[in-house]
file input39.cif (mmCIF, C-alpha atoms and all ligand atoms)
data_model
#
loop_
_atom_site.label_atom_id
_atom_site.label_comp_id
_atom_site.auth_asym_id
_atom_site.auth_seq_id
_atom_site.Cartn_x
_atom_site.Cartn_y
_atom_site.Cartn_z
CA MET A 1012 12.63 -26.05 63.30
CA ALA A 1013 13.96 -23.23 61.17
CA THR A 1014 17.09 -21.13 61.01
CA ALA A 1015 15.97 -17.56 61.57
CA ALA A 1016 17.45 -14.11 62.16
CA VAL A 1017 15.98 -13.02 65.49
CA LEU A 1018 16.07 -9.37 66.55
CA SER A 1019 15.93 -8.94 70.31
CA GLY A 1020 15.32 -5.18 70.32
CA VAL A 1021 15.79 -1.83 68.61
CA ASP A 1022 19.18 -1.53 66.90
CA ALA A 1023 20.23 -5.05 67.94
CA THR A 1024 22.35 -7.17 65.63
CA PHE A 1025 20.59 -10.18 64.10
CA GLU A 1026 21.02 -13.45 65.97
CA VAL A 1027 21.01 -16.32 63.46
CA THR A 1028 19.58 -19.14 65.51
CA GLU A 1029 17.14 -22.07 65.54
CA VAL A 1030 13.47 -21.38 66.24
CA ASP A 1031 10.45 -23.68 66.47
CA VAL A 1032 7.85 -23.21 63.74
CA GLY A 1033 4.19 -24.01 64.44
CA GLU A 1034 1.66 -25.49 62.05
CA PRO A 1035 -0.10 -23.28 59.48
CA GLY A 1036 -3.41 -22.05 60.92
CA PRO A 1037 -6.61 -21.31 59.00
CA GLY A 1038 -5.80 -19.26 55.89
CA GLU A 1039 -2.05 -19.87 56.23
CA VAL A 1040 0.65 -21.88 54.48
CA ARG A 1041 4.10 -23.09 55.49
CA VAL A 1042 6.83 -22.05 53.07
CA ARG A 1043 10.45 -23.18 52.75
CA ILE A 1044 12.28 -19.96 51.87
CA ALA A 1045 14.83 -20.04 49.03
CA GLY A 1046 15.78 -16.36 49.19
CA THR A 1047 14.58 -13.19 50.85
CA GLY A 1048 15.30 -9.56 50.03
CA VAL A 1049 16.32 -6.82 52.44
CA CYS A 1050 14.11 -3.72 52.16
CA HIS A 1051 14.67 -0.34 53.76
CA THR A 1052 11.43 -0.92 55.69
CA ASP A 1053 13.12 -3.79 57.62
CA GLN A 1054 15.71 -1.22 58.70
CA VAL A 1055 13.00 1.33 59.59
CA VAL A 1056 11.56 -1.22 62.07
CA ARG A 1057 14.96 -2.36 63.30
CA GLU A 1058 15.98 1.22 64.17
CA GLY A 1059 12.69 1.82 66.02
CA SER A 1060 11.09 4.43 63.72
CA TYR A 1061 7.93 2.28 63.67
CA PRO A 1062 6.76 0.81 66.99
CA TYR A 1063 7.36 -2.96 67.10
CA GLU A 1064 7.43 -5.75 69.66
CA PHE A 1065 10.62 -7.80 70.08
CA PRO A 1066 11.99 -10.45 69.95
CA ALA A 1067 10.83 -10.84 66.39
CA VAL A 1068 11.71 -12.16 62.97
CA LEU A 1069 11.46 -9.53 60.21
CA GLY A 1070 11.83 -10.03 56.44
CA HIS A 1071 9.09 -9.30 53.94
CA GLU A 1072 10.47 -10.17 50.50
CA GLY A 1073 10.48 -13.95 50.70
CA ALA A 1074 10.39 -16.44 47.85
CA GLY A 1075 10.15 -20.18 48.29
CA VAL A 1076 8.22 -23.40 47.94
CA VAL A 1077 4.97 -24.25 49.74
CA GLU A 1078 5.45 -27.17 52.16
CA ALA A 1079 2.03 -27.39 53.79
CA VAL A 1080 -1.35 -25.75 53.49
CA GLY A 1081 -3.58 -24.83 56.44
CA PRO A 1082 -7.37 -25.24 56.76
CA GLY A 1083 -9.53 -23.26 54.36
CA VAL A 1084 -6.79 -22.35 51.89
CA THR A 1085 -7.79 -22.85 48.27
CA GLY A 1086 -5.77 -22.42 45.09
CA ILE A 1087 -2.37 -22.97 46.74
CA GLU A 1088 -0.79 -26.41 46.92
CA GLU A 1089 2.24 -28.13 48.34
CA GLY A 1090 5.13 -27.70 45.89
CA ASP A 1091 3.94 -24.38 44.45
CA HIS A 1092 6.68 -21.81 43.82
CA VAL A 1093 5.65 -18.59 45.51
CA VAL A 1094 6.72 -15.02 46.15
CA LEU A 1095 5.52 -13.54 49.44
CA SER A 1096 4.14 -10.01 49.41
CA PHE A 1097 2.25 -7.78 51.84
CA ASN A 1098 -0.80 -8.97 53.77
CA SER A 1099 -4.38 -7.68 53.57
CA CYS A 1100 -7.78 -8.76 54.90
CA GLY A 1101 -9.58 -9.36 51.59
CA ARG A 1102 -12.89 -8.18 53.05
CA CYS A 1103 -12.77 -4.38 53.47
CA ARG A 1104 -13.77 -1.83 50.84
CA PRO A 1105 -10.21 -1.12 49.56
CA CYS A 1106 -9.49 -4.87 49.34
CA LEU A 1107 -12.76 -5.62 47.57
CA SER A 1108 -12.23 -2.79 45.09
CA GLY A 1109 -8.81 -4.07 44.03
CA HIS A 1110 -6.61 -1.87 46.24
CA PRO A 1111 -5.41 -4.21 49.03
CA ALA A 1112 -2.40 -1.99 49.79
CA TYR A 1113 -4.88 0.41 51.41
CA CYS A 1114 -6.55 -2.37 53.45
CA ASP A 1115 -8.31 -1.04 56.56
CA ASP A 1116 -6.33 -3.57 58.63
CA PHE A 1117 -2.99 -2.96 56.86
CA PHE A 1118 -1.08 -1.81 59.91
CA PHE A 1119 -1.92 -4.79 62.12
CA LEU A 1120 -1.65 -7.37 59.35
CA ASN A 1121 1.81 -6.14 58.31
CA PHE A 1122 3.30 -4.64 61.46
CA GLY A 1123 1.37 -6.48 64.22
CA GLY A 1124 4.02 -9.18 64.67
CA ARG A 1125 1.44 -11.86 65.51
CA ARG A 1126 -1.97 -13.26 64.53
CA HIS A 1127 -5.22 -11.58 65.58
CA ASP A 1128 -5.59 -14.17 68.36
CA GLY A 1129 -2.23 -13.04 69.75
CA SER A 1130 -0.32 -16.20 68.84
CA THR A 1131 2.97 -16.24 66.92
CA ALA A 1132 4.31 -18.78 64.43
CA PHE A 1133 7.78 -18.89 66.02
CA SER A 1134 8.97 -19.72 69.51
CA ARG A 1135 12.25 -20.34 71.27
CA SER A 1136 12.49 -22.44 74.45
CA GLY A 1137 8.70 -22.15 74.67
CA GLU A 1138 8.78 -18.31 74.55
CA PRO A 1139 6.98 -16.60 71.65
CA VAL A 1140 9.02 -14.90 68.95
CA GLY A 1141 7.24 -12.34 66.75
CA SER A 1142 6.18 -13.55 63.29
CA HIS A 1143 3.78 -12.53 60.51
CA PHE A 1144 5.75 -9.37 59.61
CA PHE A 1145 3.99 -8.42 56.35
CA GLY A 1146 2.15 -11.72 56.78
CA GLN A 1147 5.40 -13.67 56.29
CA SER A 1148 8.51 -12.93 58.48
CA SER A 1149 10.77 -14.42 55.83
CA PHE A 1150 14.16 -13.99 57.53
CA ALA A 1151 13.73 -17.70 58.31
CA SER A 1152 14.46 -20.90 56.40
CA THR A 1153 10.85 -22.00 56.99
CA THR A 1154 7.99 -19.68 57.83
CA ILE A 1155 4.24 -19.45 58.15
CA ALA A 1156 2.65 -17.04 55.67
CA SER A 1157 -0.85 -15.66 55.31
CA SER A 1158 -2.40 -16.98 52.09
CA ARG A 1159 -3.22 -13.34 51.20
CA SER A 1160 0.55 -12.73 51.04
CA VAL A 1161 1.15 -15.68 48.73
CA VAL A 1162 1.70 -15.12 45.01
CA LYS A 1163 2.03 -18.24 42.86
CA VAL A 1164 4.77 -17.83 40.26
CA ARG A 1165 6.16 -19.85 37.35
CA ASP A 1166 8.66 -22.54 38.31
CA ASP A 1167 11.16 -22.21 35.44
CA VAL A 1168 13.12 -19.24 36.84
CA ASP A 1169 15.60 -18.83 39.72
CA LEU A 1170 13.24 -18.56 42.67
CA ALA A 1171 15.73 -17.10 45.14
CA VAL A 1172 16.11 -13.74 43.38
CA LEU A 1173 12.36 -13.19 42.97
CA GLY A 1174 11.74 -12.17 46.60
CA PRO A 1175 12.26 -8.40 46.12
CA LEU A 1176 9.30 -8.39 43.75
CA GLY A 1177 7.19 -8.86 46.89
CA CYS A 1178 7.87 -5.34 48.18
CA GLY A 1179 10.59 -2.95 47.02
CA ILE A 1180 10.51 -3.72 43.30
CA GLN A 1181 6.71 -3.96 43.24
CA THR A 1182 6.52 -0.62 45.05
CA GLY A 1183 8.68 1.26 42.56
CA ALA A 1184 7.24 -0.42 39.48
CA GLY A 1185 3.63 -0.25 40.65
CA THR A 1186 3.88 3.39 41.68
CA VAL A 1187 4.76 4.18 38.08
CA LEU A 1188 2.64 1.61 36.21
CA ASN A 1189 -0.45 1.48 38.47
CA ALA A 1190 -0.62 4.79 40.35
CA LEU A 1191 0.92 7.34 37.93
CA ASP A 1192 0.41 5.43 34.65
CA PRO A 1193 2.47 7.77 32.41
CA GLU A 1194 1.52 7.72 28.77
CA PRO A 1195 4.12 6.81 26.08
CA GLY A 1196 6.26 9.82 25.28
CA SER A 1197 5.81 11.46 28.67
CA SER A 1198 8.38 12.62 31.25
CA VAL A 1199 9.10 10.97 34.60
CA ALA A 1200 11.50 12.06 37.38
CA ILE A 1201 12.67 9.69 40.09
CA PHE A 1202 13.99 11.23 43.31
CA GLY A 1203 16.24 8.70 45.06
CA ALA A 1204 17.81 6.03 42.85
CA GLY A 1205 17.74 3.17 45.38
CA ALA A 1206 15.91 -0.11 44.97
CA VAL A 1207 12.44 1.44 44.87
CA GLY A 1208 13.46 4.38 42.70
CA LEU A 1209 15.36 2.30 40.15
CA ALA A 1210 12.46 -0.15 39.91
CA GLY A 1211 10.29 2.89 39.16
CA LEU A 1212 12.78 3.95 36.53
CA LEU A 1213 12.68 0.52 34.86
CA ALA A 1214 8.88 0.75 34.87
CA ALA A 1215 9.01 4.20 33.28
CA VAL A 1216 11.02 2.61 30.45
CA VAL A 1217 8.39 -0.15 30.15
CA ALA A 1218 5.65 2.52 30.00
CA GLY A 1219 7.41 4.25 27.11
CA ALA A 1220 8.35 7.48 28.89
CA THR A 1221 10.88 9.22 26.68
CA THR A 1222 12.34 11.67 29.21
CA ILE A 1223 13.41 9.93 32.42
CA VAL A 1224 15.33 11.91 35.03
CA ALA A 1225 17.06 10.28 38.00
CA VAL A 1226 18.13 12.35 41.02
CA ASP A 1227 20.45 10.99 43.71
CA LEU A 1228 23.37 11.90 45.95
CA HIS A 1229 25.62 9.07 44.73
CA ASP A 1230 27.36 9.18 41.35
CA GLU A 1231 27.48 5.34 41.07
CA ARG A 1232 23.70 5.17 41.46
CA LEU A 1233 23.27 7.86 38.83
CA ALA A 1234 25.61 5.97 36.50
CA LEU A 1235 23.56 2.80 36.99
CA ALA A 1236 20.36 4.81 36.41
CA GLY A 1237 21.84 5.90 33.08
CA GLU A 1238 22.57 2.28 32.14
CA LEU A 1239 19.02 1.27 33.05
CA GLY A 1240 17.37 3.92 30.89
CA ALA A 1241 17.55 7.37 32.53
CA THR A 1242 17.90 9.97 29.80
CA HIS A 1243 19.18 12.56 32.31
CA THR A 1244 20.83 12.27 35.71
CA VAL A 1245 20.97 15.02 38.34
CA SER A 1246 23.38 15.11 41.28
CA ALA A 1247 21.66 16.31 44.44
CA ARG A 1248 25.15 17.12 45.74
CA ARG A 1249 26.33 19.35 42.91
CA ASP A 1250 23.37 20.51 40.84
CA ASP A 1251 20.53 22.95 41.36
CA VAL A 1252 17.96 20.13 41.26
CA VAL A 1253 14.84 22.07 40.28
CA ALA A 1254 16.67 23.96 37.52
CA ALA A 1255 18.27 20.76 36.22
CA VAL A 1256 14.96 18.86 36.05
CA ASP A 1257 13.37 21.90 34.42
CA ASP A 1258 16.15 21.92 31.80
CA ALA A 1259 15.92 18.17 31.16
CA THR A 1260 12.17 18.22 30.69
CA GLY A 1261 11.81 21.54 28.91
CA GLY A 1262 9.84 23.29 31.66
CA GLY A 1263 8.68 20.74 34.22
CA VAL A 1264 8.11 17.04 34.64
CA GLN A 1265 4.73 15.36 34.20
CA TYR A 1266 5.21 12.52 36.69
CA ALA A 1267 7.51 12.42 39.72
CA VAL A 1268 8.21 9.87 42.44
CA ASP A 1269 9.91 10.64 45.74
CA THR A 1270 11.58 7.66 47.43
CA THR A 1271 13.76 9.65 49.85
CA GLY A 1272 11.21 10.88 52.40
CA VAL A 1273 13.45 13.93 52.91
CA PRO A 1274 11.12 16.96 53.26
CA ALA A 1275 13.44 19.22 51.23
CA VAL A 1276 13.51 16.66 48.41
CA VAL A 1277 9.72 16.29 48.40
CA ARG A 1278 9.55 20.08 48.07
CA GLN A 1279 11.99 19.95 45.13
CA ALA A 1280 9.92 17.24 43.45
CA PHE A 1281 6.77 19.33 43.88
CA ASP A 1282 8.50 22.43 42.50
CA CYS A 1283 9.70 20.47 39.43
CA LEU A 1284 6.21 19.56 38.22
CA ALA A 1285 4.80 20.69 34.89
CA ALA A 1286 1.20 21.94 34.73
CA GLN A 1287 -1.13 19.07 35.75
CA GLY A 1288 1.92 17.21 37.02
CA ARG A 1289 1.55 14.39 39.53
CA LEU A 1290 3.84 13.52 42.41
CA ALA A 1291 3.81 10.15 44.19
CA LEU A 1292 5.31 9.83 47.69
CA VAL A 1293 6.44 6.34 48.69
CA ALA A 1294 9.16 6.68 51.34
CA ALA A 1295 8.51 5.41 54.85
CA ALA A 1296 9.21 8.73 56.58
CA ALA A 1297 8.93 8.73 60.38
CA PRO A 1298 5.38 9.34 61.65
CA GLY A 1299 4.96 13.10 62.18
CA THR A 1300 7.17 14.12 59.24
CA GLU A 1301 5.81 17.27 57.58
CA VAL A 1302 6.55 19.05 54.29
CA SER A 1303 5.67 22.63 53.40
CA LEU A 1304 4.43 23.36 49.88
CA GLU A 1305 3.83 26.67 48.12
CA VAL A 1306 0.13 26.64 47.27
CA GLY A 1307 -0.44 30.28 46.21
CA ALA A 1308 1.24 30.73 42.84
CA SER A 1309 1.03 26.95 42.24
CA LEU A 1310 -2.78 26.94 42.49
CA VAL A 1311 -3.06 27.47 38.74
CA LYS A 1312 -0.86 24.41 38.01
CA GLY A 1313 -3.43 21.71 38.76
CA TRP A 1314 -0.85 19.63 40.62
CA GLN A 1315 -1.65 16.37 42.40
CA VAL A 1316 0.25 14.76 45.24
CA GLN A 1317 -0.49 11.15 46.21
CA THR A 1318 0.94 8.74 48.77
CA VAL A 1319 1.36 5.24 47.39
CA VAL A 1320 1.68 1.95 49.29
CA GLU A 1321 3.16 -1.15 47.64
CA GLY A 1322 2.67 0.34 44.19
CA ASP A 1323 -1.11 0.08 44.67
CA ALA A 1324 -0.70 -3.44 43.30
CA VAL A 1325 -2.75 -6.61 43.53
CA PRO A 1326 0.37 -8.76 44.03
CA GLN A 1327 -1.19 -11.96 42.61
CA ASP A 1328 -1.77 -10.11 39.33
CA PHE A 1329 1.17 -7.69 39.23
CA ILE A 1330 4.13 -9.85 40.31
CA PRO A 1331 3.65 -12.60 37.66
CA ARG A 1332 3.49 -9.82 35.05
CA LEU A 1333 6.76 -8.32 36.34
CA ILE A 1334 8.36 -11.79 36.11
CA ASP A 1335 7.19 -12.16 32.51
CA LEU A 1336 8.55 -8.69 31.67
CA TRP A 1337 11.86 -9.63 33.33
CA ASP A 1338 12.01 -12.93 31.44
CA ALA A 1339 11.41 -11.03 28.19
CA GLY A 1340 14.40 -8.78 28.97
CA LEU A 1341 12.18 -5.72 29.46
CA PHE A 1342 12.44 -5.32 33.23
CA PRO A 1343 16.00 -6.25 34.37
CA PHE A 1344 15.43 -5.75 38.11
CA ASP A 1345 18.05 -8.42 38.86
CA GLU A 1346 20.70 -5.82 37.92
CA LEU A 1347 19.94 -4.29 41.34
CA VAL A 1348 20.37 -7.55 43.26
CA ARG A 1349 23.43 -8.88 45.06
CA THR A 1350 23.08 -12.19 46.90
CA TYR A 1351 24.51 -13.11 50.31
CA PRO A 1352 24.46 -16.35 52.29
CA PHE A 1353 21.72 -16.02 54.94
CA ASP A 1354 24.16 -15.92 57.87
CA GLN A 1355 25.68 -12.71 56.43
CA ILE A 1356 22.49 -10.77 57.14
CA ASP A 1357 24.28 -8.09 59.19
CA ARG A 1358 26.69 -7.47 56.31
CA ALA A 1359 23.78 -7.27 53.87
CA PHE A 1360 22.14 -4.59 56.03
CA ALA A 1361 25.44 -2.71 56.35
CA ASP A 1362 26.03 -2.81 52.58
CA SER A 1363 22.49 -1.55 51.99
CA ALA A 1364 22.99 1.32 54.46
CA SER A 1365 26.36 2.32 52.97
CA GLY A 1366 24.90 2.29 49.48
CA GLU A 1367 27.29 -0.44 48.32
CA THR A 1368 24.42 -2.81 47.49
CA ILE A 1369 21.11 -1.63 46.12
CA LYS A 1370 19.05 -4.75 46.79
CA PRO A 1371 20.58 -7.45 48.99
CA VAL A 1372 19.02 -10.91 48.74
CA LEU A 1373 19.79 -13.52 51.40
CA ARG A 1374 19.96 -17.07 50.04
CA PHE A 1375 19.37 -20.26 51.95
CA ASP A 1376 20.91 -22.71 49.50
N1 LIG A 1401 5.37 2.86 50.18
C1 LIG A 1401 5.73 1.59 50.26
O1 LIG A 1401 4.92 0.70 50.14
C2 LIG A 1401 7.17 1.24 50.43
C3 LIG A 1401 7.63 -0.04 50.08
C4 LIG A 1401 9.00 -0.32 50.14
C5 LIG A 1401 9.86 0.67 50.60
N2 LIG A 1401 9.36 1.87 51.01
C6 LIG A 1401 10.24 2.96 51.47
O2 LIG A 1401 10.74 3.59 50.29
C7 LIG A 1401 11.96 4.25 50.60
C8 LIG A 1401 13.02 3.89 49.57
O3 LIG A 1401 13.40 2.53 49.74
P1 LIG A 1401 14.73 1.98 49.05
O4 LIG A 1401 14.82 0.54 49.42
O5 LIG A 1401 14.76 2.37 47.63
O6 LIG A 1401 15.83 2.81 49.85
P2 LIG A 1401 17.30 3.21 49.38
O7 LIG A 1401 17.99 3.67 50.59
O8 LIG A 1401 17.87 2.10 48.56
O9 LIG A 1401 17.05 4.45 48.37
C9 LIG A 1401 16.90 5.78 48.77
C10 LIG A 1401 17.74 6.62 47.81
O10 LIG A 1401 17.52 8.01 48.09
C11 LIG A 1401 18.74 8.69 47.91
N3 LIG A 1401 18.70 9.96 48.63
C12 LIG A 1401 18.74 10.19 49.96
N4 LIG A 1401 18.73 11.50 50.22
C13 LIG A 1401 18.66 12.13 49.04
C14 LIG A 1401 18.63 13.51 48.65
N5 LIG A 1401 18.68 14.49 49.56
N6 LIG A 1401 18.53 13.81 47.34
C15 LIG A 1401 18.50 12.81 46.40
N7 LIG A 1401 18.56 11.50 46.72
C16 LIG A 1401 18.63 11.17 48.02
C17 LIG A 1401 19.78 7.74 48.47
O11 LIG A 1401 21.08 8.03 48.00
C18 LIG A 1401 19.26 6.38 47.96
O12 LIG A 1401 19.83 6.03 46.72
C19 LIG A 1401 12.29 3.83 52.03
O13 LIG A 1401 11.84 4.85 52.89
C20 LIG A 1401 11.46 2.58 52.23
O14 LIG A 1401 11.19 2.33 53.60
C21 LIG A 1401 8.05 2.17 50.92
ZN ZN A 1402 -8.73 -5.22 53.68
ZN ZN A 1403 9.55 -3.34 51.90
#

call {"tool": "encode", "arguments": {"input": "input39.cif", "output": "structure tokens"}}
result
Amino acid sequence: MATAAVLSGVDATFEVTEVDVGEPGPGEVRVRIAGTGVCHTDQVVREGSYPYEFPAVLGHEGAGVVEAVGPGVTGIEEGDHVVLSFNSCGRCRPCLSGHPAYCDDFFFLNFGGRRHDGSTAFSRSGEPVGSHFFGQSSFASTTIASSRSVVKVRDDVDLAVLGPLGCGIQTGAGTVLNALDPEPGSSVAIFGAGAVGLAGLLAAVVAGATTIVAVDLHDERLALAGELGATHTVSARRDDVVAAVDDATGGGVQYAVDTTGVPAVVRQAFDCLAAQGRLALVAAAAPGTEVSLEVGASLVKGWQVQTVVEGDAVPQDFIPRLIDLWDAGLFPFDELVRTYPFDQIDRAFADSASGETIKPVLRFD
């Protein structure tokens, strides 16, 4: 049995209730969750922007302790402290070449809501309840996770707050450190100073960028961006964004990240680039969203635009490094976190939507 937040349909409120949890199957482990983050992508599924089958348990930023290991799992043992990240097959070309976020089976393995054989890990009164969201469905006190989602972490830090490293923080940090890889002394602009954007900003500091511009609608988020290392902040409400970024960077920014998914903002980010500038797009915009770009006069700029999933990270390598950076005081992602008891999940989602909390984490203890 586990206490889980079950969603019965699009836009439903979470029902915190008991569910039955099956045994870990081949390649799976059972994890007792200590804490789990709330990511905007949970909300994207809850509001129906991505097709999903209900009832289901969401949650994809879990952290906890391994309780049992299924057949064929090697290198993970009972008692291990783990962060749960996205799922991947491990066998396709992107997986084998070190880019599991672009796994050929990414959509099913992360948004399929069940195993390939159709079974689910959870049930209620004998009826199946969707599981395996991002290979983990961690809005539950105990869950079944794919071993490909499991990242072993050190056991001398507060496990509960580590969950967001599994998605939102990894996405922002990896987009900067893995995908864009700005050189020391370069300029970086972050459009949207939410959880993903601010993690990107912290990573830009780690990378040694010396001009870091944060753009957002909310003054409190811009103030926090300044505390975390932004050298310039731009209000999307008051300022002419392209002119302000141009001013801050002395004629265009070398690296930009859009976390808003708003077509007009993506266009601004593109228009802000310096020659040979690179723009990474990470927001989960609704399928069908289009952006128009000027490609006549900008031809001579040598610009690159790239979509990035999960920071193009290998979680088992990247997340332990982020924890070490955090422990060394160089990556204070916990400044973005506010914890809630698990049964306040609806409030955590509301506070995330209103902008009051940047990264809610639901705790089980
Ligand atoms: N690519 C991936 O692998 C991946 C992983 C995690 C999250 N995501 C997606 O990334 C996006 C960001 O996630 P988040 O958790 O940081 O969300 P968030 O809501 O915390 O942050 C978005 C920020 O954008 C700002 N914003 C909105 N409109 C703006 C505008 N017109 N101009 C400037 N700023 C504006 C908001 O004020 C907010 O601070 C979401 O779409 C999420 O689903 C993608
Ligand atoms: Zn794969
Ligand atoms: Zn996420």

call {"tool": "closest_atom_pairs", "arguments": {"input": "input39.cif", "of": "chain A", "to": "ligand LIG 1401 (chain A)", "cutoff": "8 Å", "atoms": "only C-alpha atoms and all ligand atoms", "output": "CSV"}}
result
residue,atom,partner,partner_atom,distance
A:Cys1050,CA,A:LIG1401,O4,5.1
A:His1051,CA,A:LIG1401,O14,4.4
A:Thr1052,CA,A:LIG1401,O14,3.9
A:Asp1053,CA,A:LIG1401,O14,7.6
A:Gln1054,CA,A:LIG1401,O14,7.7
A:Val1055,CA,A:LIG1401,O14,6.3
A:Ala1112,CA,A:LIG1401,O1,7.8
A:Cys1178,CA,A:LIG1401,C4,5.5
A:Gly1179,CA,A:LIG1401,C4,4.4
A:Ile1180,CA,A:LIG1401,C4,7.8
A:Gln1181,CA,A:LIG1401,C3,7.9
A:Thr1182,CA,A:LIG1401,C3,5.2
A:Gly1183,CA,A:LIG1401,C3,7.7
A:Phe1202,CA,A:LIG1401,C15,5.7
A:Gly1203,CA,A:LIG1401,O10,3.4
A:Ala1204,CA,A:LIG1401,O12,4.4
A:Gly1205,CA,A:LIG1401,O9,3.3
A:Ala1206,CA,A:LIG1401,O5,3.8
A:Val1207,CA,A:LIG1401,O5,3.7
A:Gly1208,CA,A:LIG1401,O5,5.5
A:Leu1209,CA,A:LIG1401,O5,7.5
A:Val1226,CA,A:LIG1401,C15,5.4
A:Asp1227,CA,A:LIG1401,N7,3.6
A:Leu1228,CA,A:LIG1401,N7,4.9
A:His1229,CA,A:LIG1401,O11,5.7
A:Arg1232,CA,A:LIG1401,O12,6.6
A:Ser1246,CA,A:LIG1401,C15,7.4
A:Ala1247,CA,A:LIG1401,N6,4.9
A:Arg1248,CA,A:LIG1401,N6,7.6
A:Thr1270,CA,A:LIG1401,C8,4.6
A:Thr1271,CA,A:LIG1401,O10,4.5
A:Gly1272,CA,A:LIG1401,O13,6.1
A:Val1273,CA,A:LIG1401,N5,6.2
A:Ala1275,CA,A:LIG1401,N5,7.3
A:Val1276,CA,A:LIG1401,N5,5.7
A:Leu1292,CA,A:LIG1401,N1,7.4
A:Val1293,CA,A:LIG1401,N1,3.9
A:Ala1294,CA,A:LIG1401,O13,3.6
A:Ala1295,CA,A:LIG1401,O13,3.9
A:Ala1296,CA,A:LIG1401,O13,6.0
A:Thr1318,CA,A:LIG1401,N1,7.5
A:Val1319,CA,A:LIG1401,N1,5.4
A:Val1320,CA,A:LIG1401,O1,3.6
A:Glu1321,CA,A:LIG1401,O1,3.6
A:Gly1322,CA,A:LIG1401,O1,6.4
A:Ser1363,CA,A:LIG1401,O8,6.8
A:Ala1364,CA,A:LIG1401,O7,6.7
A:Gly1366,CA,A:LIG1401,O12,6.9
A:Ile1369,CA,A:LIG1401,O8,5.5
A:Lys1370,CA,A:LIG1401,O8,7.2

call {"tool": "axis_aligned_box", "arguments": {"input": "input39.cif", "around": "stretch 1075-1086 of chain A", "padding_each_side": "8 Å", "output": "AutoDock Vina command-line options"}}
result
--center_x 0.3 --center_y -23.8 --center_z 50.9 --size_x 35.7 --size_y 23.2 --size_z 27.7

call {"tool": "residues_around", "arguments": {"input": "input39.cif", "residues": "A:Ala1220", "least_positions_apart": "4", "cutoff": "7 Å", "atoms": "all atoms listed in the file", "output": "PDB file with C-alpha atoms, in the frame of the given file"}}
result
ATOM      1  CA  PRO A1193       2.470   7.770  32.410  1.00  0.00           C
ATOM      2  CA  GLU A1194       1.520   7.720  28.770  1.00  0.00           C
ATOM      3  CA  PRO A1195       4.120   6.810  26.080  1.00  0.00           C
ATOM      4  CA  GLY A1196       6.260   9.820  25.280  1.00  0.00           C
ATOM      5  CA  SER A1197       5.810  11.460  28.670  1.00  0.00           C
ATOM      6  CA  SER A1198       8.380  12.620  31.250  1.00  0.00           C
ATOM      7  CA  VAL A1199       9.100  10.970  34.600  1.00  0.00           C
ATOM      8  CA  ALA A1215       9.010   4.200  33.280  1.00  0.00           C
ATOM      9  CA  VAL A1216      11.020   2.610  30.450  1.00  0.00           C
TER      10      VAL A1216
END

call {"tool": "closest_residue", "arguments": {"input": "input39.cif", "among": "A:Ala1151, A:Ile1087, A:Val1021, A:Val1168", "to": "A:Ser1060", "atoms": "only C-alpha atoms"}}
result
A:Val1021

call {"tool": "closest_residue", "arguments": {"input": "input39.cif", "among": "A:Val1080, A:Val1162, A:Val1325, A:Leu1176", "to": "ligand ZN 1402 (chain A)", "atoms": "all atoms listed in the file"}}
result
A:Val1325

call {"tool": "residues_near_point", "arguments": {"input": "input39.cif", "point": "(16.0, 19.3, 41.4)", "cutoff": "7 Å", "atoms": "all atoms listed in the file", "output": "list in words"}}
result
Asp1251, Val1252, Val1253, Ala1254, Ala1255, Val1256, Gln1279, Ala1280 and Cys1283 of chain A

call {"tool": "residues_around", "arguments": {"input": "input39.cif", "residues": "A:Arg1043", "least_positions_apart": "6", "cutoff": "9 Å", "atoms": "all atoms listed in the file", "output": "ChimeraX atom specification"}}
result
/A:1074-1078,1151-1154

call {"tool": "atom_distance", "arguments": {"input": "input39.cif", "atom1": "atom CA of A:Gly1020", "atom2": "atom CA of A:Ser1130"}}
result
19.2 Å

call {"tool": "residues_near_ligand", "arguments": {"input": "input39.cif", "ligand": "ligand ZN 1402 (chain A)", "cutoff": "12 Å", "atoms": "all atoms listed in the file", "output": "list in words"}}
result
Phe1097, Asn1098, Ser1099, Cys1100, Gly1101, Arg1102, Cys1103, Arg1104, Pro1105, Cys1106, Leu1107, Ser1108, Gly1109, His1110, Pro1111, Ala1112, Tyr1113, Cys1114, Asp1115, Asp1116, Phe1117, Phe1118, Phe1119, Leu1120, Asn1121, Arg1159 and Val1325 of chain A

call {"tool": "closest_residue", "arguments": {"input": "input39.cif", "among": "A:Val1032, A:Leu1235, A:Val1068, A:Leu1095", "to": "ligand ZN 1403 (chain A)", "atoms": "only C-alpha atoms and all ligand atoms"}}
result
A:Leu1095

call {"tool": "residues_around", "arguments": {"input": "input39.cif", "residues": "stretch 1142-1149 of chain A", "least_positions_apart": "4", "cutoff": "8 Å", "atoms": "only C-alpha atoms", "output": "ChimeraX atom specification"}}
result
/A:1044,1047,1067-1073,1095-1098,1120-1126,1131-1133,1153-1157,1159-1160

call {"tool": "atom_distance", "arguments": {"input": "input39.cif", "atom1": "atom CA of A:Ile1201", "atom2": "atom CA of A:Ile1223"}}
result
7.7 Å

call {"tool": "closest_residue", "arguments": {"input": "input39.cif", "among": "A:Val1084, A:Leu1213, A:Leu1333, A:Ala1190", "to": "A:Ala1291", "atoms": "only C-alpha atoms"}}
result
A:Ala1190

call {"tool": "closest_residue", "arguments": {"input": "input39.cif", "among": "A:Ala1218, A:Ala1339, A:Val1311, A:Ala1079", "to": "A:Pro1035", "atoms": "only C-alpha atoms"}}
result
A:Ala1079

call {"tool": "closest_residue", "arguments": {"input": "input39.cif", "among": "A:Arg1165, A:Ala1013, A:Glu1231, A:Gly1237", "to": "A:Asp1338", "atoms": "all atoms listed in the file"}}
result
A:Arg1165
